[in-house]
$ cat start06.tsv   # TSV, C-alpha atoms and all ligand atoms
chain	number	residue	atom	x	y	z
Q	1	MET	CA	44.15	-162.44	76.94
Q	2	THR	CA	42.60	-159.17	75.72
Q	3	VAL	CA	41.27	-156.46	78.01
Q	4	ALA	CA	38.91	-153.70	76.84
Q	5	ARG	CA	37.54	-150.80	78.80
Q	6	ALA	CA	34.62	-148.44	78.17
Q	7	PRO	CA	33.34	-145.43	80.12
Q	8	ALA	CA	30.00	-144.63	81.75
Q	9	LYS	CA	27.86	-141.80	80.40
Q	10	VAL	CA	25.63	-139.01	81.63
Q	11	ILE	CA	22.92	-137.33	79.61
Q	12	VAL	CA	23.36	-133.57	79.93
Q	13	THR	CA	20.05	-132.70	78.23
Q	14	GLY	CA	17.34	-134.43	76.21
Q	15	GLU	CA	16.78	-137.91	77.69
Q	16	HIS	CA	13.45	-139.56	76.81
Q	17	PHE	CA	12.75	-136.96	74.11
Q	18	VAL	CA	15.71	-138.39	72.18
Q	19	VAL	CA	13.78	-141.67	71.82
Q	20	HIS	CA	11.13	-139.68	69.91
Q	21	GLY	CA	13.51	-138.04	67.46
Q	22	GLN	CA	14.75	-134.99	69.38
Q	23	PRO	CA	18.48	-134.25	69.83
Q	24	ALA	CA	20.21	-134.95	73.15
Q	25	LEU	CA	23.57	-134.00	74.61
Q	26	ALA	CA	25.61	-136.63	76.48
Q	27	ALA	CA	29.10	-136.99	77.93
Q	28	ALA	CA	31.27	-140.03	78.61
Q	29	VAL	CA	32.68	-139.97	82.15
Q	30	ASN	CA	35.60	-141.67	83.84
Q	31	LEU	CA	33.90	-144.60	85.57
Q	32	TYR	CA	34.67	-147.78	83.65
Q	33	SER	CA	33.59	-151.29	82.84
Q	34	THR	CA	36.43	-153.64	81.93
Q	35	VAL	CA	36.16	-156.96	80.13
Q	36	ALA	CA	39.02	-159.46	80.02
Q	37	VAL	CA	38.57	-162.27	77.55
Q	38	GLU	CA	40.60	-165.39	76.75
Q	39	SER	CA	40.03	-168.60	74.83
Q	40	GLY	CA	38.04	-171.31	76.60
Q	41	SER	CA	36.63	-174.79	75.89
Q	42	PRO	CA	35.25	-175.03	72.33
Q	43	GLY	CA	31.58	-174.06	72.04
Q	44	THR	CA	31.36	-172.76	75.60
Q	45	VAL	CA	31.23	-169.16	76.78
Q	46	GLU	CA	31.86	-168.47	80.46
Q	47	ILE	CA	31.05	-165.07	81.91
Q	48	SER	CA	31.71	-164.04	85.46
Q	49	SER	CA	31.57	-160.80	87.39
Q	50	SER	CA	31.56	-160.39	91.14
Q	51	GLU	CA	30.39	-156.73	90.84
Q	52	LEU	CA	27.43	-157.64	88.62
Q	53	GLY	CA	26.63	-160.85	90.53
Q	54	ILE	CA	26.92	-163.21	87.57
Q	55	ASP	CA	28.82	-166.44	87.08
Q	56	ALA	CA	27.59	-168.76	84.34
Q	57	SER	CA	28.57	-170.73	81.29
Q	58	PHE	CA	26.60	-171.38	78.12
Q	59	GLN	CA	26.89	-173.37	74.95
Q	60	THR	CA	26.99	-170.84	72.13
Q	61	GLY	CA	23.72	-170.69	70.21
Q	62	ALA	CA	21.80	-172.24	73.10
Q	63	ILE	CA	20.72	-169.34	75.29
Q	64	ASP	CA	17.39	-170.25	76.80
Q	65	GLU	CA	15.64	-167.07	77.91
Q	66	LYS	CA	13.15	-168.94	80.07
Q	67	ASN	CA	15.82	-170.50	82.27
Q	68	LEU	CA	17.31	-167.21	83.29
Q	69	GLU	CA	16.17	-165.27	86.35
Q	70	GLY	CA	17.04	-162.03	88.12
Q	71	PRO	CA	20.45	-160.51	87.37
Q	72	GLU	CA	21.22	-163.39	85.04
Q	73	ARG	CA	18.29	-162.51	82.88
Q	74	SER	CA	18.80	-158.77	82.83
Q	75	ILE	CA	22.59	-158.62	82.66
Q	76	LEU	CA	23.96	-161.92	81.49
Q	77	GLU	CA	21.71	-162.72	78.59
Q	78	PRO	CA	22.19	-159.45	76.73
Q	79	LEU	CA	25.95	-159.86	77.15
Q	80	MET	CA	25.71	-163.37	75.75
Q	81	LEU	CA	23.92	-161.96	72.72
Q	82	VAL	CA	26.73	-159.46	72.18
Q	83	VAL	CA	29.32	-162.27	72.41
Q	84	GLU	CA	27.36	-164.43	69.98
Q	85	ARG	CA	26.95	-161.60	67.49
Q	86	THR	CA	30.67	-160.86	67.65
Q	87	LEU	CA	31.59	-164.54	67.22
Q	88	GLU	CA	29.26	-164.71	64.22
Q	89	ARG	CA	30.79	-161.58	62.71
Q	90	ALA	CA	34.25	-163.15	63.09
Q	91	GLY	CA	33.03	-166.41	61.51
Q	92	SER	CA	34.13	-168.17	64.73
Q	93	LYS	CA	30.83	-169.51	66.06
Q	94	GLY	CA	32.21	-172.72	67.58
Q	95	LEU	CA	35.00	-171.08	69.57
Q	96	GLY	CA	35.01	-171.06	73.35
Q	97	LEU	CA	35.62	-167.96	75.45
Q	98	ARG	CA	36.10	-167.03	79.07
Q	99	LEU	CA	35.08	-163.49	80.04
Q	100	GLN	CA	35.68	-161.66	83.28
Q	101	VAL	CA	33.66	-158.46	83.64
Q	102	LYS	CA	34.56	-155.76	86.16
Q	103	SER	CA	32.72	-152.52	86.61
Q	104	GLN	CA	32.96	-149.31	88.62
Q	105	ILE	CA	29.61	-148.17	87.21
Q	106	PRO	CA	26.59	-148.55	89.48
Q	107	VAL	CA	23.93	-150.69	87.79
Q	108	GLY	CA	20.40	-149.57	86.86
Q	109	VAL	CA	20.81	-145.92	87.82
Q	110	GLY	CA	21.13	-144.17	84.45
Q	111	LEU	CA	24.90	-144.14	84.00
Q	112	GLY	CA	24.97	-146.50	81.03
Q	113	SER	CA	26.39	-149.49	82.87
Q	114	SER	CA	24.81	-152.01	80.52
Q	115	ALA	CA	25.84	-150.15	77.35
Q	116	SER	CA	29.38	-149.80	78.71
Q	117	THR	CA	29.75	-153.52	79.47
Q	118	ALA	CA	28.25	-154.41	76.09
Q	119	VAL	CA	30.68	-152.11	74.29
Q	120	SER	CA	33.72	-153.38	76.19
Q	121	THR	CA	32.58	-156.97	75.60
Q	122	ALA	CA	32.21	-156.47	71.83
Q	123	ALA	CA	35.59	-154.70	71.63
Q	124	ALA	CA	37.44	-157.30	73.74
Q	125	VAL	CA	36.01	-160.32	71.92
Q	126	ALA	CA	36.57	-158.77	68.47
Q	127	HIS	CA	40.17	-157.90	69.34
Q	128	LEU	CA	40.92	-161.40	70.70
Q	129	LEU	CA	39.57	-162.91	67.48
Q	130	GLY	CA	41.65	-160.56	65.32
Q	131	LEU	CA	38.53	-158.89	63.91
Q	132	GLN	CA	39.26	-155.33	62.75
Q	133	LEU	CA	36.23	-153.32	63.84
Q	134	ASP	CA	35.86	-149.57	63.72
Q	135	LYS	CA	33.92	-147.82	66.49
Q	136	GLY	CA	30.73	-147.69	64.41
Q	137	MET	CA	30.78	-151.49	64.14
Q	138	ILE	CA	31.50	-151.99	67.84
Q	139	CYS	CA	28.59	-149.70	68.67
Q	140	GLU	CA	26.31	-151.60	66.31
Q	141	LEU	CA	27.26	-154.98	67.84
Q	142	ALA	CA	26.73	-153.63	71.36
Q	143	SER	CA	23.32	-152.20	70.47
Q	144	VAL	CA	21.77	-155.66	70.39
Q	145	GLN	CA	22.04	-155.57	74.15
Q	146	GLU	CA	20.18	-152.26	74.53
Q	147	GLN	CA	17.45	-153.42	72.19
Q	148	TYR	CA	17.07	-156.50	74.34
Q	149	ILE	CA	16.86	-154.52	77.58
Q	150	HIS	CA	14.36	-151.91	76.45
Q	151	GLY	CA	12.79	-152.52	73.04
Q	152	LYS	CA	13.13	-148.91	71.83
Q	153	PRO	CA	16.56	-147.49	72.70
Q	154	SER	CA	17.69	-144.29	71.00
Q	155	GLY	CA	21.28	-145.60	70.87
Q	156	ILE	CA	22.68	-142.61	72.79
Q	157	ASP	CA	24.16	-144.77	75.58
Q	158	ALA	CA	26.09	-147.12	73.28
Q	159	THR	CA	27.22	-144.22	71.06
Q	160	THR	CA	28.56	-142.11	73.94
Q	161	THR	CA	30.36	-144.97	75.66
Q	162	THR	CA	31.87	-146.14	72.35
Q	163	TYR	CA	33.19	-142.78	71.15
Q	164	GLY	CA	33.79	-140.99	74.46
Q	165	GLY	CA	33.84	-137.20	74.80
Q	166	VAL	CA	30.79	-134.99	74.52
Q	167	VAL	CA	28.24	-136.02	71.91
Q	168	LEU	CA	25.28	-134.22	70.36
Q	169	PHE	CA	23.14	-137.17	69.31
Q	170	ARG	CA	20.02	-137.59	67.20
Q	171	ILE	CA	18.52	-140.85	65.94
Q	172	GLY	CA	19.43	-141.49	62.31
Q	173	GLN	CA	22.20	-138.86	62.18
Q	174	SER	CA	25.95	-139.19	62.65
Q	175	PRO	CA	26.91	-138.15	66.18
Q	176	ASN	CA	28.32	-134.66	66.44
Q	177	HIS	CA	31.41	-134.64	68.70
Q	178	LEU	CA	31.98	-131.47	70.75
Q	179	GLN	CA	35.36	-130.46	72.17
Q	180	PRO	CA	35.33	-131.39	75.90
Q	181	ALA	CA	35.67	-128.33	78.16
Q	182	GLU	CA	38.11	-128.23	81.08
Q	183	GLU	CA	36.46	-125.24	82.75
Q	184	VAL	CA	33.52	-127.06	84.34
Q	185	ARG	CA	32.98	-130.15	86.44
Q	186	ILE	CA	30.16	-132.65	86.44
Q	187	ILE	CA	29.09	-134.09	89.77
Q	188	ILE	CA	26.89	-137.16	89.79
Q	189	GLY	CA	24.49	-137.81	92.67
Q	190	ASN	CA	23.17	-141.34	92.95
Q	191	THR	CA	19.88	-141.76	94.83
Q	192	GLY	CA	20.72	-145.48	95.13
Q	193	THR	CA	17.25	-146.40	93.85
Q	194	ALA	CA	17.53	-148.75	90.88
Q	195	ARG	CA	14.72	-148.69	88.30
Q	196	SER	CA	13.93	-150.06	84.88
Q	197	THR	CA	14.80	-147.84	81.90
Q	198	GLY	CA	12.47	-150.00	79.77
Q	199	ASP	CA	9.45	-149.33	82.00
Q	200	LEU	CA	10.06	-145.58	82.11
Q	201	VAL	CA	10.67	-145.33	78.36
Q	202	SER	CA	7.45	-147.31	77.70
Q	203	LYS	CA	5.45	-145.07	80.02
Q	204	VAL	CA	6.52	-141.95	78.12
Q	205	SER	CA	6.26	-143.63	74.70
Q	206	HIS	CA	2.71	-144.72	75.47
Q	207	ARG	CA	1.70	-141.09	75.95
Q	208	VAL	CA	3.42	-140.12	72.68
Q	209	GLN	CA	1.53	-142.90	70.86
Q	210	LEU	CA	-1.75	-141.62	72.29
Q	211	GLY	CA	-0.92	-138.26	70.71
Q	212	ASP	CA	-0.70	-136.51	74.09
Q	213	ARG	CA	-0.43	-132.85	73.00
Q	214	ASP	CA	1.35	-131.70	76.17
Q	215	LEU	CA	4.00	-134.32	75.71
Q	216	VAL	CA	4.56	-133.37	72.08
Q	217	ARG	CA	4.90	-129.70	73.08
Q	218	ILE	CA	7.31	-130.53	75.92
Q	219	SER	CA	9.32	-132.79	73.62
Q	220	ASP	CA	9.70	-129.98	71.05
Q	221	SER	CA	10.83	-127.56	73.78
Q	222	ALA	CA	13.37	-130.12	75.01
Q	223	GLY	CA	14.74	-130.49	71.48
Q	224	GLN	CA	15.20	-126.70	71.16
Q	225	LEU	CA	16.72	-126.60	74.61
Q	226	THR	CA	19.31	-129.25	73.70
Q	227	LEU	CA	20.43	-127.32	70.61
Q	228	GLN	CA	20.86	-124.23	72.80
Q	229	ALA	CA	22.72	-126.33	75.39
Q	230	ALA	CA	25.14	-127.60	72.71
Q	231	ASP	CA	25.78	-124.00	71.59
Q	232	ALA	CA	26.29	-122.88	75.19
Q	233	TYR	CA	28.78	-125.72	75.72
Q	234	LYS	CA	30.67	-124.86	72.51
Q	235	ASN	CA	30.75	-121.16	73.48
Q	236	LYS	CA	31.80	-122.03	77.04
Q	237	ASP	CA	28.76	-120.17	78.35
Q	238	PHE	CA	28.36	-122.44	81.36
Q	239	GLN	CA	25.93	-120.15	83.21
Q	240	GLN	CA	23.56	-120.54	80.28
Q	241	LEU	CA	24.20	-124.29	80.09
Q	242	GLY	CA	23.37	-124.58	83.80
Q	243	ARG	CA	20.12	-122.63	83.33
Q	244	LEU	CA	19.15	-124.92	80.47
Q	245	MET	CA	19.85	-127.99	82.60
Q	246	ASP	CA	17.54	-126.57	85.31
Q	247	GLU	CA	14.87	-126.00	82.67
Q	248	ASN	CA	15.34	-129.52	81.35
Q	249	HIS	CA	14.82	-130.94	84.84
Q	250	GLU	CA	11.52	-129.06	84.99
Q	251	LEU	CA	10.42	-130.59	81.66
Q	252	LEU	CA	11.34	-134.05	82.96
Q	253	ARG	CA	9.32	-133.36	86.12
Q	254	GLN	CA	6.37	-132.39	83.95
Q	255	ILE	CA	6.44	-135.74	82.15
Q	256	GLY	CA	6.52	-137.50	85.51
Q	257	VAL	CA	9.94	-139.14	85.54
Q	258	SER	CA	11.47	-137.28	88.48
Q	259	THR	CA	11.03	-138.37	92.10
Q	260	PRO	CA	11.10	-136.51	95.45
Q	261	GLN	CA	14.54	-138.04	96.11
Q	262	LEU	CA	15.91	-136.74	92.80
Q	263	ASP	CA	14.34	-133.31	93.38
Q	264	ARG	CA	15.95	-133.19	96.81
Q	265	LEU	CA	19.45	-133.89	95.44
Q	266	VAL	CA	18.92	-131.40	92.60
Q	267	LYS	CA	17.89	-128.69	95.08
Q	268	ALA	CA	20.82	-129.47	97.40
Q	269	ALA	CA	23.26	-129.11	94.48
Q	270	ARG	CA	21.73	-125.82	93.34
Q	271	ASP	CA	21.72	-124.42	96.89
Q	272	ALA	CA	25.42	-125.34	97.17
Q	273	GLY	CA	26.25	-123.24	94.09
Q	274	ALA	CA	25.76	-125.55	91.11
Q	275	LEU	CA	25.40	-123.72	87.79
Q	276	GLY	CA	22.55	-126.13	87.03
Q	277	ALA	CA	21.27	-129.54	88.10
Q	278	LYS	CA	18.89	-132.15	86.75
Q	279	LEU	CA	18.08	-135.82	86.79
Q	280	THR	CA	20.06	-137.83	84.24
Q	281	GLY	CA	18.96	-140.92	82.30
Q	282	ALA	CA	15.51	-142.40	82.52
Q	283	GLY	CA	14.67	-141.03	86.01
Q	284	GLY	CA	12.28	-142.79	88.39
Q	285	GLY	CA	15.25	-142.97	90.82
Q	286	GLY	CA	18.79	-143.41	89.59
Q	287	CYS	CA	21.06	-140.40	89.28
Q	288	MET	CA	21.14	-136.64	88.94
Q	289	ILE	CA	23.97	-134.45	87.71
Q	290	ALA	CA	25.15	-130.99	88.68
Q	291	LEU	CA	27.29	-128.63	86.61
Q	292	SER	CA	29.88	-126.82	88.68
Q	293	ARG	CA	32.80	-124.45	88.55
Q	294	PRO	CA	35.94	-126.35	89.60
Q	295	ALA	CA	36.16	-124.33	92.86
Q	296	ASP	CA	32.67	-125.42	93.96
Q	297	ASP	CA	32.79	-129.13	93.14
Q	298	LYS	CA	33.63	-130.35	96.65
Q	299	SER	CA	30.96	-128.31	98.42
Q	300	ILE	CA	28.34	-129.45	95.90
Q	301	SER	CA	29.44	-133.04	96.31
Q	302	LYS	CA	29.16	-132.72	100.11
Q	303	ALA	CA	25.70	-131.16	99.81
Q	304	ILE	CA	24.53	-134.09	97.65
Q	305	ASP	CA	25.87	-136.57	100.20
Q	306	ALA	CA	24.24	-134.65	103.07
Q	307	ALA	CA	20.89	-134.79	101.19
Q	308	GLY	CA	21.10	-138.59	101.13
Q	309	GLY	CA	22.83	-139.20	97.77
Q	310	ARG	CA	26.16	-140.73	96.90
Q	311	SER	CA	28.24	-138.24	94.95
Q	312	TYR	CA	30.98	-138.73	92.37
Q	313	ILE	CA	33.04	-135.88	90.95
Q	314	VAL	CA	33.80	-137.10	87.44
Q	315	ALA	CA	35.89	-136.02	84.47
Q	316	ILE	CA	35.02	-136.34	80.80
Q	317	ASP	CA	36.46	-139.51	79.23
Q	318	ARG	CA	37.81	-138.46	75.84
Q	319	LEU	CA	38.65	-141.84	74.34
Q	320	GLY	CA	35.60	-144.05	74.67
Q	321	VAL	CA	36.19	-147.76	74.29
Q	322	ARG	CA	39.82	-148.87	74.15
Q	323	ILE	CA	41.97	-151.98	74.34
Q	324	ASP	CA	44.11	-151.74	77.48
L	401	LIG	O1	19.37	-146.15	80.60
L	401	LIG	P1	19.31	-144.73	81.02
L	401	LIG	O2	18.61	-144.52	82.29
L	401	LIG	O3	20.63	-144.06	80.93
L	401	LIG	O4	18.38	-143.98	79.95
L	401	LIG	C1	18.79	-143.75	78.66
L	401	LIG	C2	18.17	-142.54	78.10
L	401	LIG	C3	16.74	-142.65	77.59
L	401	LIG	O5	16.56	-141.50	76.78
L	401	LIG	C4	15.74	-142.60	78.73
L	401	LIG	C5	16.50	-143.91	76.78
L	401	LIG	C6	17.21	-143.95	75.43
L	401	LIG	O6	17.36	-145.05	74.89
L	401	LIG	O7	17.61	-142.90	74.92

$ encode --input "start06.tsv" --output "C-alpha cells" --more "lines below"
Ligand code: PMV
Amino acid sequence: MTVARAPAKVIVTGEHFVVHGQPALAAAVNLYSTVAVESGSPGTVEISSSELGIDASFQTGAIDEKNLEGPERSILEPLMLVVERTLERAGSKGLGLRLQVKSQIPVGVGLGSSASTAVSTAAAVAHLLGLQLDKGMICELASVQEQYIHGKPSGIDATTTTYGGVVLFRIGQSPNHLQPAEEVRIIIGNTGTARSTGDLVSKVSHRVQLGDRDLVRISDSAGQLTLQAADAYKNKDFQQLGRLMDENHELLRQIGVSTPQLDRLVKAARDAGALGAKLTGAGGGGCMIALSRPADDKSISKAIDAAGGRSYIVAIDRLGVRID
C-alpha cells in the first residue's frame, strides 16, 4: 500500500483576477487530504471516503457522467479521471486499484479540498505503480480534475498544494516560491456556507468577456496589489501585507463575490487585532483569512467563532505533496 498526503491552500491575494492573467499569492496550510492506494481486482477502481461521502467502484475507461449524482458527480468523477490519467501515463490501464481517501479539509469552501485530493491521488497512484513523477507532472495530472470542476481554472490551487510553501503564481509562468515566514499566523474563518467555485468564476469571467471597464480596472489594481503583497511578505513588512489584504477584500466586494457573513467575520477579525483580513478563494460563502501576530492569534480566532464562523489557526505547510 502507498499513502500520499497533500495540504490545503489559502489565497492571500489575487483570487479571481488570477484567472484573467493577474498574479496571485497563495500559501499551503497544514490541513491535509490523504490517499491510501493498493492493488485491487483487474480493471476495477474502488474509491471510498467517509469524510467526502463517497463509496463506489468503476471499470476503468467506463465512467458514465450521466449516471453520477450529487457528491459522486462533483467529487468522485474528477478523482476517477485523475486515476485514469495516471494509469494511462504508467501504461497500466487494465490494472485494478483500491483507494481510501481521508480529508481534514472542509469541502467547497475555498481551501482547495478538491485540488488537494486530486494531487494526493495522482501522487499515491503513481508511486504505487513505480512511476517516477516530478512535482510538475503530478500537478499536471491533478489539473484534469480542476478543469472538470470549473472549466477555466488558473491552476493556483493544484500548484500550491503540490509544491507547498508560499507561492507567487501567474498563469503561464513558473511559480515563484517565497521563503515562508515564522513571524505571522494565518487564521481561517469558515462561514460553513458551501458554494460553487465554477459558478462564481463564470460570473466574473462573463463580465470580463463583456469588456466591463470597471472590472478590468479592478483586476489591474489587484495585480499591482499582489506584487506589493509579495514584496511586503519577502521584506517581512506584515503591517503593509495586512493593509493590502484589507484592500484586496474591498476589491473582491466591489466585484460582488463577498457576502454579509464573510464581511462579518472579516470585521470581527480586524476588530480583534488582525493585521488584515479578507475572503479567500472564490467567495460567495466559504472562508476568510486573517493575518495575525502570534500573540493575537487566539483572540482573533475566538472573535471569528463568536461572529458565527469556525476558526482554524494554521501553519504554512512547506513540503506540499509527499509520500508518507
Ligand atoms: O476553489 P477556490 O474557491 O479556492 O477558488 C480558487 C481561486 C479562483 O481564483 C477563484 C479560481 C482559480 O482557478 O484561480

$ residues_near_ligand --input "start06.tsv" --ligand "ligand LIG 401 (chain L)" --cutoff "9 Å" --atoms "only C-alpha atoms and all ligand atoms" --output "compact mmCIF listing (two decimals) with C-alpha atoms, keeping the file's coordinate frame"
# COMPACT_ATOMS: atom_id res chain seq x y z
CA LYS Q 9 27.86 -141.80 80.40
CA VAL Q 10 25.63 -139.01 81.63
CA ILE Q 11 22.92 -137.33 79.61
CA GLY Q 14 17.34 -134.43 76.21
CA GLU Q 15 16.78 -137.91 77.69
CA HIS Q 16 13.45 -139.56 76.81
CA PHE Q 17 12.75 -136.96 74.11
CA VAL Q 18 15.71 -138.39 72.18
CA VAL Q 19 13.78 -141.67 71.82
CA HIS Q 20 11.13 -139.68 69.91
CA ALA Q 24 20.21 -134.95 73.15
CA GLY Q 108 20.40 -149.57 86.86
CA VAL Q 109 20.81 -145.92 87.82
CA GLY Q 110 21.13 -144.17 84.45
CA LEU Q 111 24.90 -144.14 84.00
CA GLY Q 112 24.97 -146.50 81.03
CA SER Q 113 26.39 -149.49 82.87
CA SER Q 114 24.81 -152.01 80.52
CA ALA Q 115 25.84 -150.15 77.35
CA GLU Q 146 20.18 -152.26 74.53
CA GLN Q 147 17.45 -153.42 72.19
CA HIS Q 150 14.36 -151.91 76.45
CA GLY Q 151 12.79 -152.52 73.04
CA LYS Q 152 13.13 -148.91 71.83
CA PRO Q 153 16.56 -147.49 72.70
CA SER Q 154 17.69 -144.29 71.00
CA GLY Q 155 21.28 -145.60 70.87
CA ILE Q 156 22.68 -142.61 72.79
CA ASP Q 157 24.16 -144.77 75.58
CA ARG Q 195 14.72 -148.69 88.30
CA SER Q 196 13.93 -150.06 84.88
CA THR Q 197 14.80 -147.84 81.90
CA GLY Q 198 12.47 -150.00 79.77
CA LEU Q 200 10.06 -145.58 82.11
CA VAL Q 201 10.67 -145.33 78.36
CA THR Q 280 20.06 -137.83 84.24
CA GLY Q 281 18.96 -140.92 82.30
CA ALA Q 282 15.51 -142.40 82.52
CA GLY Q 283 14.67 -141.03 86.01
CA GLY Q 284 12.28 -142.79 88.39
CA GLY Q 286 18.79 -143.41 89.59
CA CYS Q 287 21.06 -140.40 89.28

$ residues_around --input "start06.tsv" --residues "Leu131 in chain Q" --least-positions-apart "5" --cutoff "12 Å" --atoms "only C-alpha atoms" --output "number ranges by chain"
Q: 86-92, 122-126, 137-138

$ closest_atom_pairs --input "start06.tsv" --of "range 236-287 of chain Q" --to "range 162-182 of chain Q" --cutoff "12 Å" --atoms "only C-alpha atoms" --output "JSON lines"
{"residue": "Q:Lys236", "atom": "CA", "partner": "Q:Ala181", "partner_atom": "CA", "distance": 7.5}
{"residue": "Q:Asp237", "atom": "CA", "partner": "Q:Ala181", "partner_atom": "CA", "distance": 10.7}
{"residue": "Q:Phe238", "atom": "CA", "partner": "Q:Ala181", "partner_atom": "CA", "distance": 9.9}

$ residues_near_point --input "start06.tsv" --point "(23.9, -153.6, 75.1)" --cutoff "9 Å" --atoms "all atoms listed in the file" --output "PyMOL selection string"
chain Q and resi 78-79+81-82+114-119+139+141-149+157-158

$ residues_around --input "start06.tsv" --residues "Val204 in chain Q" --least-positions-apart "5" --cutoff "9 Å" --atoms "all atoms listed in the file" --output "list of chain:residue names"
Q:His16, Q:Phe17, Q:Asp199, Q:Gln209, Q:Leu215, Q:Ile255, Q:Gly256, Q:Val257

$ atom_distance --input "start06.tsv" --atom1 "CA of Ala303 in chain Q" --atom2 "CA of Lys267 in chain Q"
9.5 Å
